[in-house]
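Colleague: One structure follows; several queries about it will come next.
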Amino acid sequence: GSVMAKNDILVFLPTYNEAGHVEEMRRRIQAIGAPVDIMFLDDNSTDGTGEVIDMFAAEDKTVLAVHRPGKEGIGGAHLEGIRRAYEGGYKILVTMDSDLVHKPEDIPAFLAASENADVVIGTRFEMKSSLDEWNLFRKVLTHLGHMLTRLLLRHNYDATGAFRVYRLDRIDRRVFGLIQARDYEFFFTSLTILHLNGYPITEIAIELPGRVYGHSKMELRHMAKSVLLMVTLGLKRVFARHRLLLASSDPAAKK
């Protein structure tokens, strides 16, 4: 059944084996005192995360628990969250990782920035300290990714992070239909497509701890695939631009 929004703002958190983190994430998000609903989308965790979020949803009408049958890629999870947010009638969508690396205490600053921008993204390049603890390899990969973004996609945003705000009340829902990416490449693909379609994007400086809990999110395999897809997207931007743009419909048709 489709859920109608209780609040105008939805905070979306995809989870996979985050049983140790979801409780604290929920507590800290609700502690900021903003009128938000929280949606956890679990990819069939093996550590009981699914049960934990079901428990939250049972006791709290502002928490929604969604389950997907298996790990189908982080990009697919975000697209599902975006689809459900539109269907639920939310005006503003906040997306975050659920492993405590993104700080819920930063949400108010993101929301404030979304007054004047349709997309707000957290950038790791502003604060020098935020990359201090990272090893050289991760630093090089991160900066390589950033360089390629500038070179191939022609924008200067920190395009690979999940901490974002989307103004669904201003973004035509069909724009997200142009995004084919189902894995990590979702992040730079979505940003490039939103940028090409003329939606104002702004950045908020966030601090990222070097130690990502548990596993390193970006495996080399993902990295290589992302670079390949970035090149493809860069070529598409030049030679098949129309496939990344919404046919300019009259503004009335915009969601």
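Each chain in the structure tokens gets a letter, A, B, ..., in the order shown, and its residues are numbered from 1; ligands are numbered from 1 in order too.
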Could you list, with a cut-off of 12 Å and counting only C-alpha atoms, the residues of segment 150-184 of chain A near segment 96-116 of chain A, each shown with its nearest atom pair and the distance in Å rounded to one decimal, rows sorted by chain and ascending number, as a tab-separated table?
Modeller:
residue	atom	partner	partner_atom	distance
A:Gly161	CA	A:Met96	CA	8.7
A:Ala162	CA	A:Met96	CA	5.4
A:Phe163	CA	A:Met96	CA	4.5
A:Arg164	CA	A:Met96	CA	6.8
A:Val165	CA	A:Phe110	CA	6.6
A:Tyr166	CA	A:Ser114	CA	7.8
A:Arg167	CA	A:Ser114	CA	7.0
A:Leu168	CA	A:Ser114	CA	10.8
A:Asp169	CA	A:Ser114	CA	11.2
A:Arg170	CA	A:Ser114	CA	10.6
Colleague: For those residues, write all heavy atoms to a file as an mmCIF file, in the first residue's frame.
Modeller:
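Output file again_38.cif follows:
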data_model
loop_
_atom_site.group_PDB
_atom_site.id
_atom_site.type_symbol
_atom_site.label_atom_id
_atom_site.label_comp_id
_atom_site.auth_asym_id
_atom_site.auth_seq_id
_atom_site.Cartn_x
_atom_site.Cartn_y
_atom_site.Cartn_z
ATOM 1 N N GLY A 161 28.844 11.463 -3.435
ATOM 2 C CA GLY A 161 28.305 11.237 -2.099
ATOM 3 C C GLY A 161 26.795 11.067 -2.090
ATOM 4 O O GLY A 161 26.093 11.545 -2.971
ATOM 5 N N ALA A 162 26.291 10.392 -1.050
ATOM 6 C CA ALA A 162 24.856 10.115 -0.962
ATOM 7 C C ALA A 162 24.098 11.136 -0.118
ATOM 8 O O ALA A 162 22.871 11.133 -0.113
ATOM 9 C CB ALA A 162 24.644 8.717 -0.372
ATOM 10 N N PHE A 163 24.819 11.998 0.594
ATOM 11 C CA PHE A 163 24.151 12.953 1.486
ATOM 12 C C PHE A 163 23.649 14.121 0.641
ATOM 13 O O PHE A 163 24.429 14.955 0.188
ATOM 14 C CB PHE A 163 25.129 13.435 2.561
ATOM 15 C CG PHE A 163 24.474 14.062 3.780
ATOM 16 C CD1 PHE A 163 25.235 14.338 4.918
ATOM 17 C CD2 PHE A 163 23.109 14.355 3.806
ATOM 18 C CE1 PHE A 163 24.657 14.902 6.052
ATOM 19 C CE2 PHE A 163 22.513 14.921 4.936
ATOM 20 C CZ PHE A 163 23.300 15.200 6.052
ATOM 21 N N ARG A 164 22.328 14.166 0.422
ATOM 22 C CA ARG A 164 21.744 15.141 -0.494
ATOM 23 C C ARG A 164 20.350 15.552 -0.058
ATOM 24 O O ARG A 164 19.684 14.835 0.685
ATOM 25 C CB ARG A 164 21.599 14.524 -1.898
ATOM 26 C CG ARG A 164 22.908 14.157 -2.519
ATOM 27 C CD ARG A 164 22.719 13.632 -3.934
ATOM 28 N NE ARG A 164 24.020 13.422 -4.538
ATOM 29 C CZ ARG A 164 24.205 12.949 -5.754
ATOM 30 N NH1 ARG A 164 23.160 12.632 -6.505
ATOM 31 N NH2 ARG A 164 25.424 12.803 -6.226
ATOM 32 N N VAL A 165 19.913 16.685 -0.587
ATOM 33 C CA VAL A 165 18.508 17.072 -0.509
ATOM 34 C C VAL A 165 18.010 17.305 -1.928
ATOM 35 O O VAL A 165 18.687 17.957 -2.726
ATOM 36 C CB VAL A 165 18.307 18.364 0.319
ATOM 37 C CG1 VAL A 165 16.857 18.834 0.215
ATOM 38 C CG2 VAL A 165 18.661 18.123 1.781
ATOM 39 N N TYR A 166 16.850 16.733 -2.244
ATOM 40 C CA TYR A 166 16.186 17.000 -3.527
ATOM 41 C C TYR A 166 14.879 17.733 -3.240
ATOM 42 O O TYR A 166 14.082 17.279 -2.410
ATOM 43 C CB TYR A 166 15.838 15.695 -4.249
ATOM 44 C CG TYR A 166 16.998 14.785 -4.571
ATOM 45 C CD1 TYR A 166 17.279 13.680 -3.769
ATOM 46 C CD2 TYR A 166 17.798 14.992 -5.697
ATOM 47 C CE1 TYR A 166 18.321 12.813 -4.068
ATOM 48 C CE2 TYR A 166 18.839 14.125 -6.010
ATOM 49 C CZ TYR A 166 19.104 13.040 -5.188
ATOM 50 O OH TYR A 166 20.131 12.176 -5.483
ATOM 51 N N ARG A 167 14.647 18.854 -3.941
ATOM 52 C CA ARG A 167 13.370 19.551 -3.816
ATOM 53 C C ARG A 167 12.380 18.928 -4.797
ATOM 54 O O ARG A 167 12.250 19.363 -5.935
ATOM 55 C CB ARG A 167 13.562 21.047 -4.122
ATOM 56 C CG ARG A 167 14.312 21.813 -3.043
ATOM 57 C CD ARG A 167 13.588 21.856 -1.714
ATOM 58 N NE ARG A 167 12.253 22.410 -1.819
ATOM 59 C CZ ARG A 167 11.848 23.511 -1.200
ATOM 60 N NH1 ARG A 167 12.682 24.183 -0.424
ATOM 61 N NH2 ARG A 167 10.614 23.937 -1.345
ATOM 62 N N LEU A 168 11.686 17.900 -4.332
ATOM 63 C CA LEU A 168 10.757 17.187 -5.215
ATOM 64 C C LEU A 168 9.645 18.114 -5.692
ATOM 65 O O LEU A 168 9.056 17.900 -6.752
ATOM 66 C CB LEU A 168 10.156 15.972 -4.500
ATOM 67 C CG LEU A 168 11.160 14.953 -3.939
ATOM 68 C CD1 LEU A 168 10.416 13.741 -3.407
ATOM 69 C CD2 LEU A 168 12.188 14.541 -4.978
ATOM 70 N N ASP A 169 9.347 19.152 -4.881
ATOM 71 C CA ASP A 169 8.274 20.072 -5.268
ATOM 72 C C ASP A 169 8.698 20.960 -6.442
ATOM 73 O O ASP A 169 7.870 21.648 -7.026
ATOM 74 C CB ASP A 169 7.822 20.930 -4.069
ATOM 75 C CG ASP A 169 8.976 21.658 -3.375
ATOM 76 O OD1 ASP A 169 10.155 21.382 -3.709
ATOM 77 O OD2 ASP A 169 8.701 22.492 -2.501
ATOM 78 N N ARG A 170 10.000 20.935 -6.786
ATOM 79 C CA ARG A 170 10.471 21.758 -7.907
ATOM 80 C C ARG A 170 11.102 20.950 -9.024
ATOM 81 O O ARG A 170 11.381 21.484 -10.090
ATOM 82 C CB ARG A 170 11.515 22.768 -7.411
ATOM 83 C CG ARG A 170 11.025 23.706 -6.326
ATOM 84 C CD ARG A 170 12.055 24.812 -6.124
ATOM 85 N NE ARG A 170 11.926 25.419 -4.800
ATOM 86 C CZ ARG A 170 12.965 25.597 -3.979
ATOM 87 N NH1 ARG A 170 14.175 25.233 -4.341
ATOM 88 N NH2 ARG A 170 12.765 26.168 -2.803
#
Colleague: Per residue of segment 48-162 of chain A within 12 Å of segment 176-181 of chain A, note the shortest atom pair and the distance in Å to one decimal, counting only C-alpha atoms, and order the rows by chain and increasing residue number, as a tab-separated table.
Modeller:
residue	atom	partner	partner_atom	distance
A:Glu72	CA	A:Ala181	CA	11.3
A:Gly73	CA	A:Ala181	CA	9.1
A:Ile74	CA	A:Ala181	CA	9.4
A:Gly75	CA	A:Ala181	CA	6.2
A:Gly76	CA	A:Ala181	CA	7.4
A:Ala77	CA	A:Ala181	CA	10.7
A:His78	CA	A:Ala181	CA	10.2
A:Leu79	CA	A:Phe176	CA	7.5
A:Glu80	CA	A:Phe176	CA	10.4
A:Gly81	CA	A:Phe176	CA	11.4
A:Ile82	CA	A:Phe176	CA	8.2
A:Arg83	CA	A:Phe176	CA	8.6
A:Tyr86	CA	A:Phe176	CA	10.8
Colleague: Identify, with DSSP run on backbone atoms, the residues in segment 82-157 of chain A assigned to alpha helix (DSSP H), and express the list as a VMD selection string.
Modeller: chain A and resid 82 to 87 107 to 113 136 to 148
Colleague: Give me the residues near Ala117 of chain A as a ChimeraX atom specification, where near means some atom within 7 Å (using only C-alpha atoms) and where sequence neighbours in that chain fewer than 5 positions away do not count.
Modeller: /A:200-202
Colleague: For all heavy atoms, I'd like the residues from the last selection saved as a tab-separated table (two decimals), in the first residue's frame.
Modeller:
chain	number	residue	atom	x	y	z
A	200	PRO	N	19.14	24.19	-10.26
A	200	PRO	CA	20.23	24.79	-9.45
A	200	PRO	C	20.69	23.83	-8.36
A	200	PRO	O	19.88	23.26	-7.63
A	200	PRO	CB	19.59	26.03	-8.83
A	200	PRO	CG	18.28	26.22	-9.51
A	200	PRO	CD	17.89	24.93	-10.14
A	201	ILE	N	22.01	23.67	-8.29
A	201	ILE	CA	22.63	22.75	-7.33
A	201	ILE	C	23.54	23.57	-6.42
A	201	ILE	O	24.24	24.46	-6.89
A	201	ILE	CB	23.46	21.68	-8.07
A	201	ILE	CG1	22.57	20.86	-9.01
A	201	ILE	CG2	24.19	20.78	-7.08
A	201	ILE	CD1	23.33	19.97	-9.98
A	202	THR	N	23.52	23.27	-5.13
A	202	THR	CA	24.46	23.94	-4.23
A	202	THR	C	25.11	22.90	-3.32
A	202	THR	O	24.62	21.79	-3.19
A	202	THR	CB	23.76	25.04	-3.40
A	202	THR	OG1	24.75	25.84	-2.78
A	202	THR	CG2	22.85	24.45	-2.33
Colleague: From the set A:Ile193, A:Val175, A:Val227, A:Ala58, which residue has the shortest atom-to-atom contact distance to Thr142 of chain A, counting only C-alpha atoms?
Modeller: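 Of A:Ile193, A:Val175, A:Val227, A:Ala58, the one nearest Thr142 of chain A is A:Val227, counting only C-alpha atoms.
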Colleague: From a DSSP pass on the backbone, collect the residues of segment 16-249 of chain A flagged as strand (DSSP E or B) and hand them back as number ranges by chain.
Modeller: A: 36-42, 63-67, 92-95, 119-123, 164-167, 201-205
Colleague: Any idea what the distance is between atom CA of Ser226 of chain A and atom CA of Glu207 of chain A?
Modeller: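 For atom CA of Ser226 of chain A relative to atom CA of Glu207 of chain A, the distance reads 23.5 Å.
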Colleague: Within 12 Å of Asn44 of chain A, counting only C-alpha atoms, which residues qualify if same-chain residues fewer than 2 places away don't, as a list of chain:residue names?
Modeller: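 Contacts, in chain order: A:Pro14, A:Thr15, A:Tyr16, A:Asn17, A:Glu18, A:Ala19, A:Phe40, A:Leu41, A:Asp42, A:Thr46, A:Asp47, A:Gly48, A:Thr49, A:Gly50, A:Glu51, A:Ile53, A:Ala65, A:Val66, A:His67, A:Arg68, A:Pro69, A:Gly70, A:Lys71, A:Glu72, A:Ala77.
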Colleague: For the selection you just gave me, I'd like the residues written to a file as a tab-separated table (two decimals), in the first residue's frame, keeping C-alpha atoms.
Modeller:
chain	number	residue	atom	x	y	z
A	14	PRO	CA	19.08	2.54	2.39
A	15	THR	CA	20.37	-0.22	4.66
A	16	TYR	CA	22.32	-3.43	4.32
A	17	ASN	CA	23.53	-5.02	7.55
A	18	GLU	CA	23.26	-1.83	9.61
A	19	ALA	CA	21.57	-3.34	12.68
A	40	PHE	CA	14.52	2.81	5.82
A	41	LEU	CA	14.87	0.65	2.71
A	42	ASP	CA	16.52	-2.66	3.52
A	46	THR	CA	21.41	-10.96	7.06
A	47	ASP	CA	22.01	-9.29	10.45
A	48	GLY	CA	18.41	-8.55	11.45
A	49	THR	CA	18.30	-4.93	10.24
A	50	GLY	CA	14.97	-5.70	8.54
A	51	GLU	CA	13.40	-6.77	11.84
A	53	ILE	CA	13.25	-1.26	11.13
A	65	ALA	CA	10.17	0.28	6.62
A	66	VAL	CA	10.58	-0.95	3.04
A	67	HIS	CA	12.14	-4.25	2.01
A	68	ARG	CA	13.72	-5.31	-1.27
A	69	PRO	CA	14.33	-8.99	-1.95
A	70	GLY	CA	18.10	-8.68	-2.36
A	71	LYS	CA	21.07	-6.41	-2.90
A	72	GLU	CA	20.17	-4.71	-6.14
A	77	ALA	CA	17.82	1.75	-3.81
Colleague: Counting only C-alpha atoms, what is within 10 Å of segment 144-153 of chain A, bar same-chain residues fewer than 6 positions away, as a ChimeraX atom specification?
Modeller: /A:125,138,159-160,188-189,191-193,195-196,223,226-227,230-238
Colleague: Would you export the selected residues with C-alpha atoms as a CSV table (one decimal), in the first residue's frame, please?
Modeller:
chain,number,residue,atom,x,y,z
A,125,PHE,CA,36.5,19.0,-0.6
A,138,ARG,CA,41.7,6.5,-0.9
A,159,ALA,CA,29.4,14.0,-7.2
A,160,THR,CA,29.8,10.7,-5.5
A,188,PHE,CA,27.4,11.2,-10.5
A,189,THR,CA,24.9,10.3,-13.2
A,191,LEU,CA,23.9,15.0,-10.6
A,192,THR,CA,25.0,15.4,-14.2
A,193,ILE,CA,21.5,14.9,-15.5
A,195,HIS,CA,22.7,19.8,-13.8
A,196,LEU,CA,22.1,19.4,-17.6
A,223,MET,CA,35.8,2.2,-9.1
A,226,SER,CA,32.4,4.0,-12.4
A,227,VAL,CA,35.3,5.4,-14.4
A,230,MET,CA,31.8,8.3,-16.4
A,231,VAL,CA,33.5,8.3,-19.7
A,232,THR,CA,30.3,6.9,-21.4
A,233,LEU,CA,28.2,9.6,-19.7
A,234,GLY,CA,30.8,12.2,-20.8
A,235,LEU,CA,30.5,11.0,-24.4
A,236,LYS,CA,26.7,11.0,-24.2
A,237,ARG,CA,26.8,14.5,-22.9
A,238,VAL,CA,28.6,15.5,-26.1
Colleague: How many Å lie between atom CA of Tyr184 of chain A and atom CA of Arg124 of chain A, rounded to one decimal?
Modeller: 16.7 Å
Colleague: At what distance in Å, to one decimal, does atom CA of Val63 of chain A lie from atom CA of Leu93 of chain A?
Modeller: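 These atoms are spaced 14.2 Å apart.
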Colleague: Name the closest residue to Gly198 of chain A among the candidates A:Glu185, A:Asn156, A:Leu246, A:His222; distances are taken between atoms, counting only C-alpha atoms.
Modeller: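 Looking at the shortest contact to Gly198 of chain A, the residue is A:Leu246.
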